[in-house]
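K.L.:
Quick one, entry-v3.txt (compact mmCIF, C-alpha atoms and all ligand atoms):
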```txt
# COMPACT_ATOMS: atom_id res chain seq x y z
CA MET A 1397 134.69 119.01 107.12
CA ASP A 1398 135.35 121.47 104.34
CA SER A 1399 133.11 124.49 103.91
CA ARG A 1400 131.36 122.95 100.88
CA THR A 1401 130.14 119.96 102.86
CA GLU A 1402 126.98 120.33 104.86
CA GLY A 1403 126.70 118.45 108.12
CA GLY A 1404 126.73 118.66 111.86
CA GLY A 1405 127.20 116.70 115.04
CA PHE A 1406 124.85 115.98 117.90
CA VAL A 1407 125.19 114.81 121.49
CA TYR A 1408 122.18 113.52 123.40
CA HIS A 1409 122.47 112.85 127.11
CA ALA A 1410 120.62 109.68 128.06
CA PRO A 1411 119.78 107.89 131.34
CA ASN A 1412 122.44 105.77 133.12
CA HIS A 1413 125.23 108.20 132.23
CA GLN A 1414 124.97 107.32 128.55
CA LEU A 1415 125.72 109.60 125.62
CA TYR A 1416 124.49 109.28 122.06
CA LEU A 1417 126.93 110.89 119.65
CA GLY A 1418 126.41 111.28 115.95
CA LEU A 1419 127.62 113.15 112.91
CA ILE A 1420 125.48 113.88 109.88
CA VAL A 1421 127.35 114.30 106.58
CA SER A 1422 125.31 115.45 103.62
CA LEU A 1423 125.71 113.00 100.76
CA ASP A 1424 126.08 115.75 98.20
CA TYR A 1425 129.73 116.10 99.23
CA GLN A 1426 132.17 116.61 96.38
CA ASN A 1427 135.47 115.17 97.56
CA PRO A 1428 135.73 111.41 96.87
CA TYR A 1429 138.43 111.16 99.56
CA LEU A 1430 135.87 112.12 102.20
CA ASN A 1431 135.17 109.34 104.66
CA PRO A 1432 132.07 109.98 106.79
CA PHE A 1433 133.18 107.38 109.36
CA GLY A 1434 136.60 109.06 109.54
CA GLU A 1435 134.93 112.48 109.93
CA PHE A 1436 132.96 111.12 112.87
CA GLN A 1437 136.14 109.80 114.53
CA LYS A 1438 137.88 113.14 113.94
CA TRP A 1439 134.92 115.03 115.37
CA LYS A 1440 135.23 113.07 118.63
CA LEU A 1441 138.71 114.55 119.06
CA HIS A 1442 137.34 118.10 119.23
CA PRO A 1443 138.02 119.28 122.83
CA LYS A 1444 134.33 120.03 123.47
CA ILE A 1445 133.34 116.47 122.56
CA ASN A 1446 136.50 114.78 123.74
CA ASN A 1447 136.07 116.13 127.29
CA LEU A 1448 132.70 114.37 127.48
CA LEU A 1449 134.29 111.06 126.53
CA VAL A 1450 137.08 110.81 129.09
CA GLY A 1451 136.61 107.49 130.92
CA ALA A 1452 133.72 106.49 128.64
CA GLU A 1453 133.18 103.10 127.01
CA ARG A 1454 131.89 102.56 123.47
CA VAL A 1455 128.83 100.29 123.65
CA SER A 1456 127.07 100.58 120.32
CA TYR A 1457 127.53 101.73 116.72
CA GLY A 1458 125.26 102.32 113.76
CA ALA A 1459 124.67 104.39 110.65
CA ARG A 1460 121.83 105.22 108.33
CA ALA A 1461 120.98 107.60 105.52
CA VAL A 1462 118.64 110.37 106.66
CA ASN A 1463 116.25 111.19 103.84
CA LYS A 1464 115.76 114.85 104.60
CA GLY A 1465 114.82 116.11 101.13
CA GLY A 1466 111.43 117.17 102.51
CA LEU A 1467 108.33 118.19 100.63
CA GLN A 1468 109.91 118.54 97.17
CA SER A 1469 111.32 115.00 97.43
CA LEU A 1470 108.15 113.19 98.45
CA PRO A 1471 107.31 110.31 96.11
CA LYS A 1472 103.82 109.12 95.19
CA LEU A 1473 102.56 107.67 98.46
CA THR A 1474 100.47 104.76 97.22
CA PHE A 1475 100.84 101.72 95.00
CA PRO A 1476 98.64 98.64 94.57
CA GLY A 1477 98.74 96.80 97.89
CA GLY A 1478 100.88 99.34 99.73
CA LEU A 1479 101.23 102.77 101.32
CA LEU A 1480 104.37 104.70 102.20
CA VAL A 1481 104.53 106.05 105.76
CA GLY A 1482 107.13 107.74 108.00
CA CYS A 1483 110.71 107.91 106.80
CA ASP A 1484 109.99 105.43 104.02
CA ALA A 1485 108.05 108.24 102.38
CA GLY A 1486 110.45 110.99 103.53
CA PHE A 1487 108.26 112.80 106.08
CA LEU A 1488 111.23 113.84 108.24
CA ASN A 1489 111.28 117.56 108.92
CA GLY A 1490 114.87 118.41 107.95
CA ALA A 1491 114.80 121.79 109.67
CA LYS A 1492 114.15 120.13 113.03
CA ILE A 1493 115.76 116.73 112.24
CA LYS A 1494 112.60 115.26 113.70
CA GLY A 1495 110.36 112.69 112.12
CA THR A 1496 108.79 110.53 114.82
CA HIS A 1497 105.72 112.79 114.96
CA THR A 1498 105.16 112.73 111.19
CA ALA A 1499 105.85 108.98 111.12
CA MET A 1500 103.14 108.41 113.75
CA LYS A 1501 100.65 110.73 112.08
CA SER A 1502 101.17 109.20 108.64
CA GLY A 1503 100.79 105.74 110.21
CA MET A 1504 97.46 106.84 111.69
CA LEU A 1505 96.27 108.25 108.35
CA ALA A 1506 97.34 105.04 106.60
CA ALA A 1507 95.48 102.95 109.18
CA GLU A 1508 92.33 105.05 108.65
CA SER A 1509 92.55 104.56 104.88
CA ILE A 1510 92.98 100.80 105.31
CA ALA A 1511 90.12 100.54 107.82
CA GLN A 1512 87.88 102.53 105.50
CA SER A 1513 88.70 100.20 102.60
CA PHE A 1514 87.74 97.17 104.71
CA ALA A 1515 84.27 98.67 105.08
CA GLU A 1516 83.82 98.82 101.31
CA GLU A 1517 82.27 95.94 99.42
CA SER A 1518 84.96 95.75 96.75
CA PRO A 1519 87.96 97.82 97.92
CA GLU A 1520 90.44 99.24 95.42
CA ALA A 1521 93.91 97.67 95.31
CA GLU A 1522 95.46 101.16 95.56
CA LEU A 1523 94.18 103.36 98.40
CA VAL A 1524 94.65 106.70 96.63
CA ASP A 1525 92.65 108.59 99.30
CA TYR A 1526 95.66 108.25 101.62
CA GLN A 1527 97.65 110.66 99.41
CA LYS A 1528 94.85 113.23 99.75
CA SER A 1529 94.53 112.80 103.51
CA VAL A 1530 98.29 113.39 103.96
CA GLU A 1531 98.11 116.50 101.78
CA GLU A 1532 95.24 117.83 103.89
CA SER A 1533 96.92 117.04 107.22
CA TRP A 1534 99.34 119.07 109.34
CA ILE A 1535 102.21 116.90 108.00
CA TYR A 1536 101.97 118.65 104.67
CA LYS A 1537 101.62 122.11 106.25
CA GLU A 1538 104.64 121.53 108.48
CA LEU A 1539 106.80 120.22 105.64
CA HIS A 1540 105.66 123.15 103.48
CA LEU A 1541 107.04 125.63 106.04
CA ALA A 1542 110.37 123.72 106.14
CA ARG A 1543 110.56 123.16 102.36
CA ASN A 1544 113.48 125.50 101.69
CA PHE A 1545 115.71 124.20 104.49
CA SER A 1546 117.48 121.39 102.64
CA PRO A 1547 117.67 122.95 99.16
CA ALA A 1548 119.01 126.29 100.47
CA GLN A 1549 122.39 124.96 101.54
CA LYS A 1550 122.72 122.88 98.41
CA LYS A 1551 121.96 125.90 96.22
CA PHE A 1552 123.73 128.71 98.08
CA GLY A 1553 126.53 126.87 99.93
CA LEU A 1554 127.27 126.68 103.63
CA TYR A 1555 127.56 130.37 104.58
CA LEU A 1556 125.01 132.06 102.31
CA GLY A 1557 122.73 129.05 102.67
CA SER A 1558 122.87 129.29 106.47
CA VAL A 1559 121.96 132.98 106.35
CA PHE A 1560 119.05 132.22 104.02
CA ILE A 1561 117.84 129.40 106.28
CA TRP A 1562 118.07 131.59 109.38
CA LEU A 1563 116.00 134.33 107.74
CA ASP A 1564 113.57 131.87 106.14
CA GLN A 1565 112.94 129.86 109.31
CA ASN A 1566 113.29 132.47 112.07
CA ILE A 1567 112.08 135.72 110.51
CA PHE A 1568 109.70 134.60 107.76
CA LYS A 1569 108.75 131.32 109.51
CA GLY A 1570 108.88 129.41 106.21
CA ARG A 1571 106.41 131.77 104.51
CA LEU A 1572 108.70 133.28 101.85
CA PRO A 1573 106.84 133.07 98.53
CA ILE A 1574 109.52 130.95 96.84
CA THR A 1575 110.22 127.23 96.71
CA LEU A 1576 113.82 126.22 96.07
CA ARG A 1577 114.45 123.04 94.12
CA VAL A 1578 117.54 120.93 93.58
CA SER A 1579 117.79 119.14 90.27
CA GLU A 1580 121.21 117.49 90.59
CA PRO A 1581 121.27 114.20 92.51
CA ASP A 1582 123.83 113.71 95.31
CA HIS A 1583 125.82 111.08 93.40
CA ALA A 1584 126.44 113.54 90.54
CA LYS A 1585 128.19 115.99 92.86
CA LEU A 1586 131.32 113.88 93.28
CA LYS A 1587 134.40 115.39 91.60
CA GLU A 1588 137.22 113.40 90.08
CA ALA A 1589 139.89 112.35 92.58
CA SER A 1590 142.71 113.90 90.52
CA LYS A 1591 141.18 117.35 91.08
CA LEU A 1592 141.13 117.09 94.87
CA ILE A 1593 143.58 116.71 97.71
CA PRO A 1594 143.39 113.47 99.74
CA ILE A 1595 142.08 113.90 103.28
CA GLU A 1596 144.17 112.54 106.15
CA TYR A 1597 142.30 110.98 109.06
CA PRO A 1598 143.79 110.22 112.48
CA LYS A 1599 144.68 106.59 113.16
CA PRO A 1600 142.28 104.95 115.65
CA ASP A 1601 143.57 105.27 119.20
CA GLY A 1602 141.22 102.60 120.63
CA THR A 1603 140.05 105.02 123.34
CA PHE A 1604 138.22 107.86 121.59
CA THR A 1605 138.55 106.81 117.97
CA PHE A 1606 138.01 103.36 116.50
CA ASP A 1607 138.21 101.38 113.28
CA ARG A 1608 135.22 100.20 111.28
CA SER A 1609 135.69 96.46 111.94
CA SER A 1610 135.40 96.70 115.72
CA SER A 1611 132.55 99.20 115.36
CA ILE A 1612 130.44 96.93 113.12
CA TYR A 1613 130.72 94.22 115.75
CA LEU A 1614 128.81 96.56 118.09
CA SER A 1615 125.98 97.09 115.58
CA GLY A 1616 124.69 93.57 116.22
CA VAL A 1617 124.66 92.74 112.51
CA ALA A 1618 124.47 88.98 111.91
CA HIS A 1619 123.81 88.05 108.29
CA GLU A 1620 124.24 84.43 107.30
CA GLU A 1621 127.61 84.30 105.53
CA ASP A 1622 126.29 82.07 102.71
CA GLN A 1623 123.10 83.95 101.85
CA PRO A 1624 122.79 85.51 98.36
CA CYS A 1625 124.55 88.87 98.11
CA HIS A 1626 121.99 91.65 98.58
CA LEU A 1627 124.29 94.30 97.08
CA HIS A 1628 123.94 94.02 93.32
CA LEU A 1629 126.26 95.52 90.75
CA ILE A 1630 124.45 96.33 87.52
CA ASP A 1631 127.81 96.11 85.74
CA SER A 1632 130.53 94.22 87.62
CA GLU A 1633 133.29 95.98 85.63
CA ILE A 1634 132.42 99.53 86.66
CA PRO A 1635 134.07 99.60 90.14
CA ILE A 1636 137.53 98.80 88.74
CA GLN A 1637 137.22 100.13 85.18
CA THR A 1638 135.46 103.44 85.92
CA ASN A 1639 135.10 104.25 89.61
CA LEU A 1640 138.67 103.38 90.62
CA PRO A 1641 140.55 105.53 88.08
CA LYS A 1642 138.08 108.40 88.23
CA TYR A 1643 137.09 108.57 91.88
CA GLY A 1644 139.44 106.17 93.70
CA GLU A 1645 136.38 103.89 94.10
CA PRO A 1646 134.73 105.96 96.85
CA ALA A 1647 132.62 103.00 98.09
CA ARG A 1648 135.70 102.03 100.09
CA LEU A 1649 135.32 105.25 102.06
CA TYR A 1650 131.64 106.20 102.16
CA CYS A 1651 130.47 102.80 103.37
CA PRO A 1652 130.36 103.04 107.20
CA ALA A 1653 130.80 99.26 107.49
CA GLY A 1654 133.79 98.75 105.20
CA VAL A 1655 131.74 96.42 102.99
CA TYR A 1656 133.56 97.40 99.79
CA GLU A 1657 137.24 96.70 99.22
CA VAL A 1658 139.60 96.97 96.27
CA LEU A 1659 142.13 94.16 96.52
CA GLU A 1660 145.09 93.09 94.45
CA SER A 1661 144.82 89.62 92.91
CA SER A 1662 147.78 87.24 92.67
CA ASP A 1663 148.30 88.28 89.02
CA GLY A 1664 148.61 91.94 90.02
CA SER A 1665 145.18 92.97 88.73
CA MET A 1666 142.70 94.79 90.96
CA ARG A 1667 139.39 93.28 92.00
CA PHE A 1668 136.33 94.64 93.81
CA GLN A 1669 135.22 92.68 96.86
CA ILE A 1670 131.83 93.02 98.55
CA ASN A 1671 131.65 91.83 102.17
CA ALA A 1672 127.84 91.89 102.19
CA GLN A 1673 127.58 90.16 105.58
CA ASN A 1674 128.91 93.35 107.25
CA CYS A 1675 126.26 95.63 105.72
CA ILE A 1676 124.42 97.73 108.30
CA HIS A 1677 121.66 98.72 105.85
CA CYS A 1678 122.36 102.44 105.72
CA LYS A 1679 121.67 102.57 101.91
CA THR A 1680 124.50 105.06 101.28
CA CYS A 1681 125.95 102.98 98.43
CA ASP A 1682 122.63 103.00 96.60
CA ILE A 1683 122.57 106.81 96.86
CA LYS A 1684 126.20 107.87 96.48
CA ASP A 1685 127.78 105.50 93.95
CA PRO A 1686 128.81 107.95 91.20
CA SER A 1687 127.94 105.42 88.46
CA GLN A 1688 124.62 104.43 90.11
CA ASN A 1689 125.76 100.87 89.68
CA ILE A 1690 124.96 99.49 93.15
CA GLN A 1691 121.46 98.31 93.97
CA TRP A 1692 120.66 97.61 97.60
CA GLU A 1693 118.10 94.86 98.00
CA CYS A 1694 116.48 93.63 101.16
CA PRO A 1695 118.60 90.69 102.45
CA GLU A 1696 116.96 87.46 103.51
CA GLY A 1697 116.25 86.75 107.17
CA GLY A 1698 116.42 89.24 110.02
CA GLY A 1699 120.19 89.47 110.19
CA GLY A 1700 120.48 93.25 109.87
CA PRO A 1701 121.78 95.56 112.57
CA ASN A 1702 120.25 95.19 116.01
CA TYR A 1703 120.62 98.51 117.77
CA THR A 1704 119.96 97.60 121.38
CA ASP A 1705 121.41 100.73 123.01
CA MET A 1706 120.50 103.29 120.35
C1 LIG A 1801 120.55 110.36 114.18
C2 LIG A 1801 119.09 110.66 114.15
C3 LIG A 1801 118.52 111.46 115.13
C4 LIG A 1801 117.16 111.71 115.12
N1 LIG A 1801 116.61 112.46 116.12
C5 LIG A 1801 115.28 112.64 116.16
C6 LIG A 1801 114.65 113.35 117.25
O1 LIG A 1801 115.32 113.83 118.16
N2 LIG A 1801 113.32 113.49 117.23
C7 LIG A 1801 112.54 112.97 116.23
O2 LIG A 1801 111.31 113.12 116.26
N3 LIG A 1801 113.09 112.29 115.20
C8 LIG A 1801 114.43 112.11 115.15
N4 LIG A 1801 115.00 111.40 114.11
C9 LIG A 1801 114.14 110.91 113.02
C10 LIG A 1801 113.36 109.68 113.47
O3 LIG A 1801 114.24 108.72 114.02
C11 LIG A 1801 112.65 109.09 112.24
O4 LIG A 1801 111.97 110.10 111.54
C12 LIG A 1801 111.64 108.04 112.68
O5 LIG A 1801 112.29 107.04 113.42
C13 LIG A 1801 110.93 107.44 111.47
O6 LIG A 1801 110.10 106.40 111.90
P1 LIG A 1801 109.70 105.22 110.93
O7 LIG A 1801 108.83 104.32 111.74
O8 LIG A 1801 109.20 105.77 109.66
O9 LIG A 1801 111.07 104.48 110.58
P2 LIG A 1801 112.12 103.77 111.54
O10 LIG A 1801 112.08 104.34 112.92
O11 LIG A 1801 113.40 103.81 110.80
O12 LIG A 1801 111.56 102.29 111.63
C14 LIG A 1801 111.70 101.36 110.58
C15 LIG A 1801 111.82 100.00 111.21
O13 LIG A 1801 111.74 99.01 110.20
C16 LIG A 1801 112.72 98.03 110.46
N5 LIG A 1801 113.04 97.36 109.20
C17 LIG A 1801 113.75 97.82 108.15
N6 LIG A 1801 113.81 96.90 107.19
C18 LIG A 1801 113.11 95.84 107.60
C19 LIG A 1801 112.81 94.57 107.03
N7 LIG A 1801 113.24 94.23 105.83
N8 LIG A 1801 112.06 93.72 107.76
C20 LIG A 1801 111.60 94.06 108.98
N9 LIG A 1801 111.87 95.25 109.58
C21 LIG A 1801 112.61 96.13 108.89
C22 LIG A 1801 113.88 98.80 111.03
O14 LIG A 1801 114.75 97.98 111.78
C23 LIG A 1801 113.17 99.82 111.92
O15 LIG A 1801 112.95 99.33 113.20
C24 LIG A 1801 116.36 111.15 114.10
C25 LIG A 1801 116.94 110.33 113.12
C26 LIG A 1801 118.29 110.09 113.15
C27 LIG A 1801 118.89 109.18 112.12
S1 LIG A 1802 126.97 98.26 101.89
FE1 LIG A 1802 125.78 100.08 101.43
S2 LIG A 1802 123.97 99.91 102.73
FE2 LIG A 1802 125.48 98.45 103.53
S3 LIG A 1802 126.55 99.58 105.13
FE3 LIG A 1802 127.73 99.87 103.25
S4 LIG A 1802 126.97 101.74 102.31
FE4 LIG A 1802 125.49 101.10 103.89
```
Do you think you could lay out the structure here as structure tokens?
P.N.:
Amino acid sequence: MDSRTEGGGFVYHAPNHQLYLGLIVSLDYQNPYLNPFGEFQKWKLHPKINNLLVGAERVSYGARAVNKGGLQSLPKLTFPGGLLVGCDAGFLNGAKIKGTHTAMKSGMLAAESIAQSFAEESPEAELVDYQKSVEESWIYKELHLARNFSPAQKKFGLYLGSVFIWLDQNIFKGRLPITLRVSEPDHAKLKEASKLIPIEYPKPDGTFTFDRSSSIYLSGVAHEEDQPCHLHLIDSEIPIQTNLPKYGEPARLYCPAGVYEVLESSDGSMRFQINAQNCIHCKTCDIKDPSQNIQWECPEGGGGPNYTDM
């Protein structure tokens, strides 16, 4: 990836000679030609990774957006009839890329709030005490120490940002008396396609690198073909009228399941096609569409991805 794009790969060794490989691409990337799926395929060709894959078989595939904004991005945690816990709230510690511990702790705090409300004669519809108990817990303290991790790279860029993060996390242990904030949303970072050079990605070789269609098959996604489309366009004209000329309609590239296509109709005009049944629920389109025109809604049934080996 280019030096303006934050990201990184990981390899976990698992039992039964299995490997979990992944690549995180920060969604504040600027180049509309960037294809996170393509970057992942390219990354697997790096000799250090490629050597691990000789003789290996691909058994599963998936993708999701990691909400690593941290403390400054936390929403209000309660609403009438509901509480936000775990990654739904954004309790992942971006500095560690770990969130199972905060998910469990917030679940416990939520359960305590709910149990307490059951003991009351006329419980409130909104359990506002939960917000306070999270703020008084170690979740808040931990996220406070990691609060500058995500904004630093966005503000200072890859190299300066990395130096800042190293000093902030390793020397000052997150105790610097400043809190960095990012005001610009990720979707606003995209530059116009005419100002950037297209990125070439290697063609799938079927051994180390693959295409999206065969990969989605391994995600276990099984939506009913005739269910209502859960990917809503606020304005159906925007993909072709605005996004295509300005950004080359980047949904074709950022979607890791190839859900969005721009096709030529028989009369020569272009049309935007949504293959919603392939959606693996990563929510990238909701975040990255430069016109903020796509709304991801929960599809009916339980036909989403079924990650058996991940
Ligand atoms: C690549 C990667 C590596 C990570 N590595 C680590 C690590 O090493 N250590 C660590 O601590 N954390 C790690 N994390 C973070 C960790 O996975 C999350 O913080 C944690 O799983 C959050 O737990 P959760 O219960 O809030 O959400 P999730 O684990 O995401 O659980 C949500 C569940 O809800 C289900 N669901 C979604 N929609 C519906 C619906 N409509 N109906 C019914 N069910 C639904 C989903 O299928 C899912 O099972 C990693 C995350 C990623 C993406
Ligand atoms: S349609 Fe949206 S949510 Fe579904 S896989 Fe593509 S980018 Fe992710």
K.L.:
Using all atoms listed in the file for the distances, tell me which of A:Leu1614, A:Ile1574, A:Ala1461, A:Leu1488 is nearest to ligand LIG 1802 (chain A).
P.N.:
A:Ala1461
K.L.:
Grab me every residue within 9 Å of ligand LIG 1801 (chain A), counting all atoms listed in the file, and send it over as an MDAnalysis selection string.
P.N.:
chainID A and resid 1406 1408 1416:1420 1459:1463 1480:1489 1492:1500 1502:1503 1677 1694:1698 1700:1703
K.L.:
Output the neighbourhood of ligand LIG 1802 (chain A) as a PyMOL selection string, that is, all protein and nucleic acid residues with some atom at most 6 Å from the ligand, counting all atoms listed in the file.
P.N.:
chain A and resi 1651-1653+1655+1675-1681
K.L.:
Using all atoms listed in the file, which of A:Leu1541, A:Val1578, A:Lys1585, A:Gly1664 sits nearest A:Ile1683?
P.N.:
A:Lys1585
K.L.:
Draw an axis-aligned box over all listed atoms of stretch 1657-1670 of chain A, pad each side with 8 Å, and write its centre and edge lengths in Å, one decimal, as lines of an AutoDock Vina configuration file.
P.N.:
```
center_x = 140.2
center_y = 92.1
center_z = 94.0
size_x = 32.8
size_y = 25.7
size_z = 26.5
```
K.L.:
Counting all atoms listed in the file, what is within 9 Å of A:Gln1565, bar same-chain residues fewer than 6 positions away, as a ChimeraX atom specification?
P.N.:
/A:1491,1541-1542,1544-1545,1571
K.L.:
Using only C-alpha atoms, which residue out of A:Val1450, A:Val1421, A:Leu1572, A:Val1455 lies closest to A:Phe1433?
P.N.:
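Once distances to A:Phe1433 are computed over only C-alpha atoms, the minimum belongs to A:Val1421.
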K.L.:
So how far away is atom CA of A:Gly1616 from atom CA of A:Tyr1457, in Å?
P.N.:
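Interatomic distance, atom CA of A:Tyr1457 to atom CA of A:Gly1616: 8.7 Å.
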K.L.:
Rounded to one decimal place, report the atom CA of A:Asp1424-atom CA of A:Ala1584 distance in Å.
P.N.:
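Straight-line distance from atom CA of A:Asp1424 to atom CA of A:Ala1584 works out to 8.0 Å.
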K.L.:
Skipping near chain neighbours, those fewer than 3 positions away, what residues fall within 10 Å of A:Gln1688 using all atoms listed in the file, listed as a ChimeraX atom specification?
P.N.:
/A:1583-1584,1629-1631,1634,1681-1685,1691
